[in-house]
file start.cif (mmCIF, C-alpha atoms; chains and numbers go by the auth columns)
data_structure
loop_
_atom_site.group_PDB
_atom_site.id
_atom_site.type_symbol
_atom_site.label_atom_id
_atom_site.label_comp_id
_atom_site.label_asym_id
_atom_site.label_seq_id
_atom_site.Cartn_x
_atom_site.Cartn_y
_atom_site.Cartn_z
_atom_site.B_iso_or_equiv
_atom_site.auth_seq_id
_atom_site.auth_asym_id
ATOM 1 C CA LEU A 1 25.023 5.814 9.501 0.00 1 A
ATOM 2 C CA ASP A 2 28.759 5.876 9.985 0.00 2 A
ATOM 3 C CA ALA A 3 29.853 9.084 8.249 0.00 3 A
ATOM 4 C CA ALA A 4 33.160 7.568 7.097 0.00 4 A
ATOM 5 C CA THR A 5 31.890 4.235 5.747 0.00 5 A
ATOM 6 C CA GLY A 6 28.132 4.587 5.255 0.00 6 A
ATOM 7 C CA ALA A 7 27.551 1.486 7.390 0.00 7 A
ATOM 8 C CA VAL A 8 24.293 1.357 9.341 0.00 8 A
ATOM 9 C CA ARG A 9 25.084 1.968 13.022 0.00 9 A
ATOM 10 C CA TRP A 10 21.498 1.690 14.253 0.00 10 A
ATOM 11 C CA LYS A 11 17.907 1.692 13.095 0.00 11 A
ATOM 12 C CA SER A 12 14.964 2.781 15.219 0.00 12 A
ATOM 13 C CA TYR A 13 11.185 2.621 14.965 0.00 13 A
ATOM 14 C CA THR A 14 8.437 4.923 16.224 0.00 14 A
ATOM 15 C CA ILE A 15 5.993 2.067 16.903 0.00 15 A
ATOM 16 C CA PRO A 16 6.197 -1.478 18.244 0.00 16 A
ATOM 17 C CA GLU A 17 6.397 -4.392 15.821 0.00 17 A
ATOM 18 C CA SER A 18 3.109 -5.017 14.004 0.00 18 A
ATOM 19 C CA GLN A 19 0.782 -7.810 15.111 0.00 19 A
ATOM 20 C CA ARG A 20 -2.161 -9.374 13.310 0.00 20 A
ATOM 21 C CA ARG A 21 -5.263 -7.232 13.966 0.00 21 A
ATOM 22 C CA GLY A 22 -7.934 -8.694 11.702 0.00 22 A
ATOM 23 C CA THR A 23 -8.860 -9.498 8.116 0.00 23 A
ATOM 24 C CA SER A 24 -9.161 -7.078 5.186 0.00 24 A
ATOM 25 C CA SER A 25 -12.215 -6.655 2.948 0.00 25 A
ATOM 26 C CA ALA A 26 -10.384 -8.910 0.457 0.00 26 A
ATOM 27 C CA GLY A 27 -9.884 -11.643 3.084 0.00 27 A
ATOM 28 C CA LYS A 28 -6.200 -10.892 3.644 0.00 28 A
ATOM 29 C CA PRO A 29 -4.585 -10.532 7.091 0.00 29 A
ATOM 30 C CA LEU A 30 -4.367 -6.996 8.505 0.00 30 A
ATOM 31 C CA PHE A 31 -1.447 -5.953 10.691 0.00 31 A
ATOM 32 C CA GLY A 32 -0.868 -2.990 12.959 0.00 32 A
ATOM 33 C CA PRO A 33 0.301 -0.684 14.229 0.00 33 A
ATOM 34 C CA ALA A 34 1.728 0.784 11.049 0.00 34 A
ATOM 35 C CA GLY A 35 2.814 4.252 10.068 0.00 35 A
ATOM 36 C CA VAL A 36 3.909 6.978 12.487 0.00 36 A
ATOM 37 C CA GLY A 37 6.305 8.149 9.816 0.00 37 A
ATOM 38 C CA ILE A 38 8.832 10.936 10.126 0.00 38 A
ATOM 39 C CA TRP A 39 8.367 13.574 7.416 0.00 39 A
ATOM 40 C CA ASN A 40 11.171 15.928 8.447 0.00 40 A
ATOM 41 C CA ALA A 41 14.914 16.006 8.888 0.00 41 A
ATOM 42 C CA PRO A 42 15.954 15.307 12.482 0.00 42 A
ATOM 43 C CA THR A 43 17.414 18.063 14.643 0.00 43 A
ATOM 44 C CA VAL A 44 20.701 17.320 16.413 0.00 44 A
ATOM 45 C CA ASP A 45 21.161 18.222 20.077 0.00 45 A
ATOM 46 C CA ALA A 46 24.862 17.406 20.455 0.00 46 A
ATOM 47 C CA GLU A 47 24.949 18.658 24.068 0.00 47 A
ATOM 48 C CA ARG A 48 22.359 16.075 25.174 0.00 48 A
ATOM 49 C CA GLY A 49 23.267 13.381 22.617 0.00 49 A
ATOM 50 C CA LEU A 50 19.732 13.436 21.162 0.00 50 A
ATOM 51 C CA LEU A 51 17.996 13.651 17.803 0.00 51 A
ATOM 52 C CA TYR A 52 14.561 15.329 17.719 0.00 52 A
ATOM 53 C CA SER A 53 11.908 14.554 15.111 0.00 53 A
ATOM 54 C CA GLY A 54 8.234 15.207 14.664 0.00 54 A
ATOM 55 C CA THR A 55 5.959 12.341 13.638 0.00 55 A
ATOM 56 C CA GLY A 56 2.782 11.742 11.674 0.00 56 A
ATOM 57 C CA PRO A 57 -0.280 9.557 12.178 0.00 57 A
ATOM 58 C CA ALA A 58 -0.546 5.807 12.497 0.00 58 A
ATOM 59 C CA TYR A 59 -1.965 4.091 9.395 0.00 59 A
ATOM 60 C CA ALA A 60 -3.334 0.994 11.109 0.00 60 A
ATOM 61 C CA GLY A 61 -4.068 -0.242 14.608 0.00 61 A
ATOM 62 C CA ASP A 62 -4.754 1.824 17.697 0.00 62 A
ATOM 63 C CA ASP A 63 -3.316 5.292 18.283 0.00 63 A
ATOM 64 C CA PRO A 64 0.234 4.704 19.564 0.00 64 A
ATOM 65 C CA PRO A 65 1.606 7.370 21.955 0.00 65 A
ATOM 66 C CA THR A 66 4.124 8.458 19.313 0.00 66 A
ATOM 67 C CA THR A 67 1.594 9.729 16.729 0.00 67 A
ATOM 68 C CA ASP A 68 1.729 13.476 16.033 0.00 68 A
ATOM 69 C CA ALA A 69 4.472 13.817 18.624 0.00 69 A
ATOM 70 C CA VAL A 70 7.956 15.196 19.071 0.00 70 A
ATOM 71 C CA VAL A 71 10.271 12.268 19.759 0.00 71 A
ATOM 72 C CA ALA A 72 13.826 12.343 21.157 0.00 72 A
ATOM 73 C CA PHE A 73 16.131 9.520 20.035 0.00 73 A
ATOM 74 C CA ASP A 74 19.455 8.637 21.676 0.00 74 A
ATOM 75 C CA MET A 75 22.167 9.347 19.066 0.00 75 A
ATOM 76 C CA ARG A 76 24.247 6.357 20.251 0.00 76 A
ATOM 77 C CA ASP A 77 21.692 3.582 19.766 0.00 77 A
ATOM 78 C CA GLY A 78 18.421 5.078 18.420 0.00 78 A
ATOM 79 C CA ALA A 79 16.408 4.298 21.554 0.00 79 A
ATOM 80 C CA ILE A 80 13.462 6.605 22.201 0.00 80 A
ATOM 81 C CA VAL A 81 14.412 8.694 25.255 0.00 81 A
ATOM 82 C CA TRP A 82 11.156 10.666 25.472 0.00 82 A
ATOM 83 C CA SER A 83 8.075 11.524 23.434 0.00 83 A
ATOM 84 C CA ASN A 84 5.556 14.349 23.765 0.00 84 A
ATOM 85 C CA GLN A 85 2.304 13.580 21.908 0.00 85 A
ATOM 86 C CA PHE A 86 -0.023 16.397 20.860 0.00 86 A
ATOM 87 C CA THR A 87 -2.698 14.551 18.861 0.00 87 A
ATOM 88 C CA LYS A 88 -3.883 10.933 18.895 0.00 88 A
ATOM 89 C CA ASP A 89 -4.121 10.149 15.220 0.00 89 A
ATOM 90 C CA THR A 90 -4.756 7.152 12.982 0.00 90 A
ATOM 91 C CA TRP A 91 -5.360 8.141 9.378 0.00 91 A
ATOM 92 C CA LEU A 92 -5.472 6.287 6.070 0.00 92 A
ATOM 93 C CA MET A 93 -6.128 7.901 2.690 0.00 93 A
ATOM 94 C CA GLY A 94 -9.436 6.882 1.147 0.00 94 A
ATOM 95 C CA CYS A 95 -11.125 6.085 4.449 0.00 95 A
ATOM 96 C CA ASP A 96 -13.085 9.301 4.967 0.00 96 A
ATOM 97 C CA GLY A 97 -16.803 8.547 5.144 0.00 97 A
ATOM 98 C CA ASN A 98 -16.562 4.767 4.689 0.00 98 A
ATOM 99 C CA ALA A 99 -14.498 3.637 7.670 0.00 99 A
ATOM 100 C CA ALA A 100 -17.375 1.700 9.251 0.00 100 A
ATOM 101 C CA SER A 101 -17.895 -0.481 6.168 0.00 101 A
ATOM 102 C CA ASN A 102 -14.221 -1.091 5.339 0.00 102 A
ATOM 103 C CA ALA A 103 -12.098 -3.342 7.570 0.00 103 A
ATOM 104 C CA ASN A 104 -8.970 -1.741 6.081 0.00 104 A
ATOM 105 C CA CYS A 105 -9.899 1.641 7.611 0.00 105 A
ATOM 106 C CA PRO A 106 -9.244 2.766 11.188 0.00 106 A
ATOM 107 C CA LYS A 107 -12.244 3.053 13.550 0.00 107 A
ATOM 108 C CA THR A 108 -11.806 6.828 13.522 0.00 108 A
ATOM 109 C CA ASN A 109 -9.981 8.332 10.546 0.00 109 A
ATOM 110 C CA GLY A 110 -7.894 11.359 11.278 0.00 110 A
ATOM 111 C CA PRO A 111 -7.419 14.176 11.865 0.00 111 A
ATOM 112 C CA ASP A 112 -4.062 13.706 9.958 0.00 112 A
ATOM 113 C CA LEU A 113 -2.152 16.462 11.745 0.00 113 A
ATOM 114 C CA ASP A 114 1.506 15.538 11.245 0.00 114 A
ATOM 115 C CA PHE A 115 4.516 17.450 12.407 0.00 115 A
ATOM 116 C CA SER A 116 5.875 17.930 8.897 0.00 116 A
ATOM 117 C CA ALA A 117 8.499 20.603 9.638 0.00 117 A
ATOM 118 C CA SER A 118 11.768 19.879 11.400 0.00 118 A
ATOM 119 C CA PRO A 119 11.991 20.846 15.066 0.00 119 A
ATOM 120 C CA ILE A 120 14.206 23.871 15.723 0.00 120 A
ATOM 121 C CA LEU A 121 16.517 23.855 18.736 0.00 121 A
ATOM 122 C CA ALA A 122 17.158 27.431 19.887 0.00 122 A
ATOM 123 C CA ARG A 123 18.431 29.153 23.012 0.00 123 A
ATOM 124 C CA ASN A 124 16.086 31.907 24.214 0.00 124 A
ATOM 125 C CA SER A 125 17.132 35.172 25.874 0.00 125 A
ATOM 126 C CA ALA A 126 16.713 33.558 29.306 0.00 126 A
ATOM 127 C CA GLY A 127 19.363 30.961 28.361 0.00 127 A
ATOM 128 C CA ARG A 128 16.903 28.052 28.113 0.00 128 A
ATOM 129 C CA ASP A 129 17.246 25.545 25.235 0.00 129 A
ATOM 130 C CA VAL A 130 13.847 25.393 23.566 0.00 130 A
ATOM 131 C CA ILE A 131 12.574 23.050 20.846 0.00 131 A
ATOM 132 C CA VAL A 132 10.014 24.886 18.685 0.00 132 A
ATOM 133 C CA ILE A 133 7.895 23.190 16.036 0.00 133 A
ATOM 134 C CA PRO A 134 4.727 23.922 14.025 0.00 134 A
ATOM 135 C CA GLN A 135 2.035 21.285 13.462 0.00 135 A
ATOM 136 C CA LYS A 136 -0.336 20.928 10.493 0.00 136 A
ATOM 137 C CA SER A 137 -3.099 21.752 12.988 0.00 137 A
ATOM 138 C CA GLY A 138 -1.967 25.384 12.795 0.00 138 A
ATOM 139 C CA MET A 139 -0.520 25.184 16.306 0.00 139 A
ATOM 140 C CA VAL A 140 3.068 25.992 17.246 0.00 140 A
ATOM 141 C CA TYR A 141 4.678 24.433 20.321 0.00 141 A
ATOM 142 C CA ALA A 142 7.749 25.130 22.437 0.00 142 A
ATOM 143 C CA LEU A 143 9.275 22.296 24.446 0.00 143 A
ATOM 144 C CA ASP A 144 11.923 22.375 27.164 0.00 144 A
ATOM 145 C CA ALA A 145 14.962 20.462 25.895 0.00 145 A
ATOM 146 C CA ALA A 146 16.327 20.054 29.440 0.00 146 A
ATOM 147 C CA GLU A 147 13.016 18.734 30.831 0.00 147 A
ATOM 148 C CA ARG A 148 12.353 15.774 28.499 0.00 148 A
ATOM 149 C CA GLY A 149 10.263 17.807 26.061 0.00 149 A
ATOM 150 C CA LYS A 150 7.894 19.334 28.616 0.00 150 A
ATOM 151 C CA THR A 151 5.525 21.752 26.851 0.00 151 A
ATOM 152 C CA LEU A 152 6.422 25.365 27.669 0.00 152 A
ATOM 153 C CA TRP A 153 3.829 27.122 25.514 0.00 153 A
ATOM 154 C CA SER A 154 1.578 26.754 22.507 0.00 154 A
ATOM 155 C CA TYR A 155 0.244 29.291 20.017 0.00 155 A
ATOM 156 C CA ARG A 156 -2.379 29.123 17.260 0.00 156 A
ATOM 157 C CA ALA A 157 -0.636 30.531 14.174 0.00 157 A
ATOM 158 C CA GLY A 158 -3.398 29.683 11.683 0.00 158 A
ATOM 159 C CA PRO A 159 -6.350 27.421 10.920 0.00 159 A
ATOM 160 C CA GLY A 160 -4.198 24.493 9.761 0.00 160 A
ATOM 161 C CA SER A 161 -5.347 21.670 7.534 0.00 161 A
ATOM 162 C CA PRO A 162 -4.554 18.051 6.740 0.00 162 A
ATOM 163 C CA VAL A 163 -3.060 19.050 3.356 0.00 163 A
ATOM 164 C CA GLY A 164 -0.420 21.453 4.560 0.00 164 A
ATOM 165 C CA GLY A 165 -1.308 23.589 7.506 0.00 165 A
ATOM 166 C CA VAL A 166 1.939 24.926 8.876 0.00 166 A
ATOM 167 C CA TRP A 167 5.140 23.605 7.258 0.00 167 A
ATOM 168 C CA GLY A 168 8.452 25.440 7.603 0.00 168 A
ATOM 169 C CA SER A 169 9.548 27.886 10.267 0.00 169 A
ATOM 170 C CA ALA A 170 12.533 29.941 11.436 0.00 170 A
ATOM 171 C CA VAL A 171 13.796 31.396 14.702 0.00 171 A
ATOM 172 C CA GLU A 172 15.569 34.692 15.331 0.00 172 A
ATOM 173 C CA GLY A 173 16.311 35.517 18.963 0.00 173 A
ATOM 174 C CA ASP A 174 13.057 35.091 20.915 0.00 174 A
ATOM 175 C CA ARG A 175 10.878 35.197 17.773 0.00 175 A
ATOM 176 C CA MET A 176 9.591 32.306 15.738 0.00 176 A
ATOM 177 C CA TYR A 177 8.326 32.729 12.188 0.00 177 A
ATOM 178 C CA VAL A 178 5.876 30.207 10.739 0.00 178 A
ATOM 179 C CA ALA A 179 4.291 29.727 7.333 0.00 179 A
ATOM 180 C CA VAL A 180 0.506 29.533 7.561 0.00 180 A
ATOM 181 C CA GLY A 181 -1.521 27.698 4.944 0.00 181 A
ATOM 182 C CA GLY A 182 -4.622 25.647 4.751 0.00 182 A
ATOM 183 C CA TYR A 183 -8.251 25.633 3.825 0.00 183 A
ATOM 184 C CA ARG A 184 -11.560 25.303 5.569 0.00 184 A
#

call {"tool": "encode", "arguments": {"input": "start.cif", "output": "structure tokens"}}
result
Amino acid sequence: LDAATGAVRWKSYTIPESQRRGTSSAGKPLFGPAGVGIWNAPTVDAERGLLYSGTGPAYAGDDPPTTDAVVAFDMRDGAIVWSNQFTKDTWLMGCDGNAASNANCPKTNGPDLDFSASPILARNSAGRDVIVIPQKSGMVYALDAAERGKTLWSYRAGPGSPVGGVWGSAVEGDRMYVAVGGYR
């Protein structure tokens, strides 16, 4: 949005436009892909002119390469510059256990492991700009901001879960702090 006027400057999507993919159990047309929502506030990288966001699962169709990923958008026009996917994921509530008998459900439901926390852009002690982000899987990832989101390291912070797992986090110097939650 234009900060002065509120006018929409651009709009971007994390998936291609939906196409017809079948018929629902009620005889209605089904479309996909759908979903790949963003559940967090974007992180601004003014130096590179990028916005970073984590994404969630698809809700319909095949697993697009932007599910459960960190995506970099160009701040000028919203184009996706790069994406680093960590989990292929199509998930729809109510489809556990009955996906085979329900045309509305994905072929494989889940695991529903969104990136629900905002990415953090930090400069480490070596002078490298690093994007760090926790996933509901219980994993934490560090990506190289200068190398199109190349994975630098990963760490299992906790067991994770589809109902919360790891949400918020903070960075101080070379340390990252993550909240661990979940159930088994």

call {"tool": "closest_residue", "arguments": {"input": "start.cif", "among": "A:Thr5, A:Glu147, A:Leu30, A:Asp89", "to": "Arg48 of chain A", "atoms": "all atoms listed in the file"}}
result
A:Glu147

call {"tool": "resolve_selection", "arguments": {"input": "start.cif", "expression": "the PyMOL selection byres ((chain A and resi 154) around 12)", "output": "list of chain:residue names"}}
result
A:Phe86, A:Ile131, A:Val132, A:Ile133, A:Pro134, A:Gln135, A:Ser137, A:Gly138, A:Met139, A:Val140, A:Tyr141, A:Ala142, A:Leu143, A:Lys150, A:Thr151, A:Leu152, A:Trp153, A:Tyr155, A:Arg156, A:Ala157, A:Met176

call {"tool": "resolve_selection", "arguments": {"input": "start.cif", "expression": "the PyMOL selection byres ((chain A and resi 94) around 12)", "output": "list in words"}}
result
Tyr59, Trp91, Leu92, Met93, Cys95, Asp96, Gly97, Asn98, Ala99, Asn102, Asn104, Cys105, Pro106, Asn109 and Gly110 of chain A

call {"tool": "closest_residue", "arguments": {"input": "start.cif", "among": "A:Asn84, A:Ser161, A:Ser118, A:Thr43", "to": "Asp144 of chain A", "atoms": "all atoms listed in the file"}}
result
A:Asn84

call {"tool": "resolve_selection", "arguments": {"input": "start.cif", "expression": "the PyMOL selection byres ((chain A and resi 10) around 12)", "output": "list in words"}}
result
Leu1, Asp2, Gly6, Ala7, Val8, Arg9, Lys11, Ser12, Tyr13, Phe73, Asp74, Met75, Arg76, Asp77, Gly78 and Ala79 of chain A

call {"tool": "write_last_selection", "arguments": {"input": "start.cif", "atoms": "C-alpha atoms", "output": "compact mmCIF listing (two decimals), in the coordinates of the input"}}
result
# COMPACT_ATOMS: atom_id res chain seq x y z
CA LEU A 1 25.02 5.81 9.50
CA ASP A 2 28.76 5.88 9.98
CA GLY A 6 28.13 4.59 5.26
CA ALA A 7 27.55 1.49 7.39
CA VAL A 8 24.29 1.36 9.34
CA ARG A 9 25.08 1.97 13.02
CA LYS A 11 17.91 1.69 13.10
CA SER A 12 14.96 2.78 15.22
CA TYR A 13 11.18 2.62 14.96
CA PHE A 73 16.13 9.52 20.04
CA ASP A 74 19.45 8.64 21.68
CA MET A 75 22.17 9.35 19.07
CA ARG A 76 24.25 6.36 20.25
CA ASP A 77 21.69 3.58 19.77
CA GLY A 78 18.42 5.08 18.42
CA ALA A 79 16.41 4.30 21.55

call {"tool": "atom_distance", "arguments": {"input": "start.cif", "atom1": "atom CA of Gly22 of chain A", "atom2": "atom CA of Trp39 of chain A"}}
result
27.9 Å

call {"tool": "atom_distance", "arguments": {"input": "start.cif", "atom1": "atom CA of Ser53 of chain A", "atom2": "atom CA of Ile15 of chain A"}}
result
13.9 Å

call {"tool": "atom_distance", "arguments": {"input": "start.cif", "atom1": "atom CA of Glu47 of chain A", "atom2": "atom CA of Arg123 of chain A"}}
result
12.4 Å

call {"tool": "residues_around", "arguments": {"input": "start.cif", "residues": "Thr14 of chain A", "least_positions_apart": "5", "cutoff": "12 Å", "atoms": "all atoms listed in the file", "output": "MDAnalysis selection string"}}
result
chainID A and resid 33:38 53:58 63:73 78:83

call {"tool": "axis_aligned_box", "arguments": {"input": "start.cif", "around": "segment 106-117 of chain A", "padding_each_side": "6 Å", "output": "lines of an AutoDock Vina configuration file"}}
result
center_x = -1.9
center_y = 11.7
center_z = 11.2
size_x = 32.7
size_y = 29.8
size_z = 16.7

call {"tool": "closest_residue", "arguments": {"input": "start.cif", "among": "A:Val171, A:Ala41, A:Ala103, A:Ala60", "to": "Ser116 of chain A", "atoms": "only C-alpha atoms"}}
result
A:Ala41

call {"tool": "residues_around", "arguments": {"input": "start.cif", "residues": "Gly127 of chain A", "least_positions_apart": "5", "cutoff": "12 Å", "atoms": "all atoms listed in the file", "output": "list of chain:residue names"}}
result
A:Ala122, A:Asp144, A:Ala145, A:Ala146, A:Gly173, A:Asp174

call {"tool": "decode", "arguments": {"input": "start.cif", "residues": "segment 135-146 of chain A", "atoms": "all heavy atoms", "output": "PDB file, in the first residue's frame"}}
result
ATOM      1  N   GLN A 135       9.648 -23.277  12.496  1.00  0.00           N
ATOM      2  CA  GLN A 135       8.512 -23.907  11.811  1.00  0.00           C
ATOM      3  C   GLN A 135       7.699 -24.706  12.830  1.00  0.00           C
ATOM      4  O   GLN A 135       8.243 -25.171  13.836  1.00  0.00           O
ATOM      5  CB  GLN A 135       9.017 -24.830  10.700  1.00  0.00           C
ATOM      6  CG  GLN A 135       7.912 -25.402   9.833  1.00  0.00           C
ATOM      7  CD  GLN A 135       8.453 -26.350   8.759  1.00  0.00           C
ATOM      8  OE1 GLN A 135       9.518 -26.921   8.886  1.00  0.00           O
ATOM      9  NE2 GLN A 135       7.683 -26.532   7.697  1.00  0.00           N
ATOM     10  N   LYS A 136       6.416 -24.892  12.584  1.00  0.00           N
ATOM     11  CA  LYS A 136       5.578 -25.680  13.487  1.00  0.00           C
ATOM     12  C   LYS A 136       6.060 -27.127  13.620  1.00  0.00           C
ATOM     13  O   LYS A 136       5.652 -27.830  14.524  1.00  0.00           O
ATOM     14  CB  LYS A 136       4.117 -25.657  13.016  1.00  0.00           C
ATOM     15  CG  LYS A 136       3.424 -24.351  13.316  1.00  0.00           C
ATOM     16  CD  LYS A 136       2.023 -24.188  12.761  1.00  0.00           C
ATOM     17  CE  LYS A 136       1.154 -25.367  12.679  1.00  0.00           C
ATOM     18  NZ  LYS A 136      -0.197 -25.084  12.184  1.00  0.00           N
ATOM     19  N   SER A 137       6.968 -27.546  12.780  1.00  0.00           N
ATOM     20  CA  SER A 137       7.555 -28.883  12.875  1.00  0.00           C
ATOM     21  C   SER A 137       8.464 -29.010  14.093  1.00  0.00           C
ATOM     22  O   SER A 137       8.860 -30.118  14.456  1.00  0.00           O
ATOM     23  CB  SER A 137       8.381 -29.176  11.622  1.00  0.00           C
ATOM     24  OG  SER A 137       9.477 -28.271  11.544  1.00  0.00           O
ATOM     25  N   GLY A 138       8.818 -27.884  14.706  1.00  0.00           N
ATOM     26  CA  GLY A 138       9.780 -27.876  15.799  1.00  0.00           C
ATOM     27  C   GLY A 138      11.186 -27.572  15.318  1.00  0.00           C
ATOM     28  O   GLY A 138      12.111 -27.483  16.110  1.00  0.00           O
ATOM     29  N   MET A 139      11.342 -27.413  14.004  1.00  0.00           N
ATOM     30  CA  MET A 139      12.646 -27.088  13.428  1.00  0.00           C
ATOM     31  C   MET A 139      12.824 -25.572  13.360  1.00  0.00           C
ATOM     32  O   MET A 139      11.854 -24.823  13.241  1.00  0.00           O
ATOM     33  CB  MET A 139      12.780 -27.668  12.020  1.00  0.00           C
ATOM     34  CG  MET A 139      12.782 -29.178  11.960  1.00  0.00           C
ATOM     35  SD  MET A 139      14.178 -29.924  12.814  1.00  0.00           S
ATOM     36  CE  MET A 139      15.535 -29.361  11.784  1.00  0.00           C
ATOM     37  N   VAL A 140      14.088 -25.157  13.418  1.00  0.00           N
ATOM     38  CA  VAL A 140      14.472 -23.766  13.225  1.00  0.00           C
ATOM     39  C   VAL A 140      15.466 -23.754  12.071  1.00  0.00           C
ATOM     40  O   VAL A 140      16.335 -24.631  11.977  1.00  0.00           O
ATOM     41  CB  VAL A 140      15.132 -23.192  14.496  1.00  0.00           C
ATOM     42  CG1 VAL A 140      15.560 -21.751  14.275  1.00  0.00           C
ATOM     43  CG2 VAL A 140      14.183 -23.303  15.675  1.00  0.00           C
ATOM     44  N   TYR A 141      15.342 -22.768  11.192  1.00  0.00           N
ATOM     45  CA  TYR A 141      16.208 -22.686  10.017  1.00  0.00           C
ATOM     46  C   TYR A 141      16.885 -21.325   9.948  1.00  0.00           C
ATOM     47  O   TYR A 141      16.313 -20.315  10.353  1.00  0.00           O
ATOM     48  CB  TYR A 141      15.397 -22.896   8.733  1.00  0.00           C
ATOM     49  CG  TYR A 141      14.734 -24.242   8.662  1.00  0.00           C
ATOM     50  CD1 TYR A 141      13.411 -24.412   9.047  1.00  0.00           C
ATOM     51  CD2 TYR A 141      15.449 -25.353   8.224  1.00  0.00           C
ATOM     52  CE1 TYR A 141      12.805 -25.659   8.996  1.00  0.00           C
ATOM     53  CE2 TYR A 141      14.850 -26.605   8.168  1.00  0.00           C
ATOM     54  CZ  TYR A 141      13.533 -26.741   8.559  1.00  0.00           C
ATOM     55  OH  TYR A 141      12.943 -27.981   8.506  1.00  0.00           O
ATOM     56  N   ALA A 142      18.087 -21.319   9.387  1.00  0.00           N
ATOM     57  CA  ALA A 142      18.799 -20.083   9.064  1.00  0.00           C
ATOM     58  C   ALA A 142      19.076 -20.089   7.571  1.00  0.00           C
ATOM     59  O   ALA A 142      19.561 -21.084   7.018  1.00  0.00           O
ATOM     60  CB  ALA A 142      20.110 -19.990   9.843  1.00  0.00           C
ATOM     61  N   LEU A 143      18.742 -18.979   6.924  1.00  0.00           N
ATOM     62  CA  LEU A 143      18.921 -18.840   5.481  1.00  0.00           C
ATOM     63  C   LEU A 143      19.861 -17.683   5.193  1.00  0.00           C
ATOM     64  O   LEU A 143      19.878 -16.686   5.923  1.00  0.00           O
ATOM     65  CB  LEU A 143      17.569 -18.572   4.804  1.00  0.00           C
ATOM     66  CG  LEU A 143      16.400 -19.468   5.189  1.00  0.00           C
ATOM     67  CD1 LEU A 143      15.135 -19.044   4.466  1.00  0.00           C
ATOM     68  CD2 LEU A 143      16.717 -20.909   4.897  1.00  0.00           C
ATOM     69  N   ASP A 144      20.603 -17.788   4.118  1.00  0.00           N
ATOM     70  CA  ASP A 144      21.539 -16.738   3.710  1.00  0.00           C
ATOM     71  C   ASP A 144      20.783 -15.708   2.872  1.00  0.00           C
ATOM     72  O   ASP A 144      20.337 -16.006   1.763  1.00  0.00           O
ATOM     73  CB  ASP A 144      22.688 -17.365   2.916  1.00  0.00           C
ATOM     74  CG  ASP A 144      23.826 -16.410   2.670  1.00  0.00           C
ATOM     75  OD1 ASP A 144      23.592 -15.186   2.566  1.00  0.00           O
ATOM     76  OD2 ASP A 144      24.968 -16.893   2.582  1.00  0.00           O
ATOM     77  N   ALA A 145      20.648 -14.500   3.406  1.00  0.00           N
ATOM     78  CA  ALA A 145      19.911 -13.448   2.699  1.00  0.00           C
ATOM     79  C   ALA A 145      20.595 -13.050   1.394  1.00  0.00           C
ATOM     80  O   ALA A 145      19.928 -12.702   0.424  1.00  0.00           O
ATOM     81  CB  ALA A 145      19.746 -12.228   3.601  1.00  0.00           C
ATOM     82  N   ALA A 146      21.923 -13.137   1.348  1.00  0.00           N
ATOM     83  CA  ALA A 146      22.664 -12.737   0.148  1.00  0.00           C
ATOM     84  C   ALA A 146      22.703 -13.831  -0.914  1.00  0.00           C
ATOM     85  O   ALA A 146      23.037 -13.568  -2.059  1.00  0.00           O
ATOM     86  CB  ALA A 146      24.094 -12.350   0.526  1.00  0.00           C
TER      87      ALA A 146
END
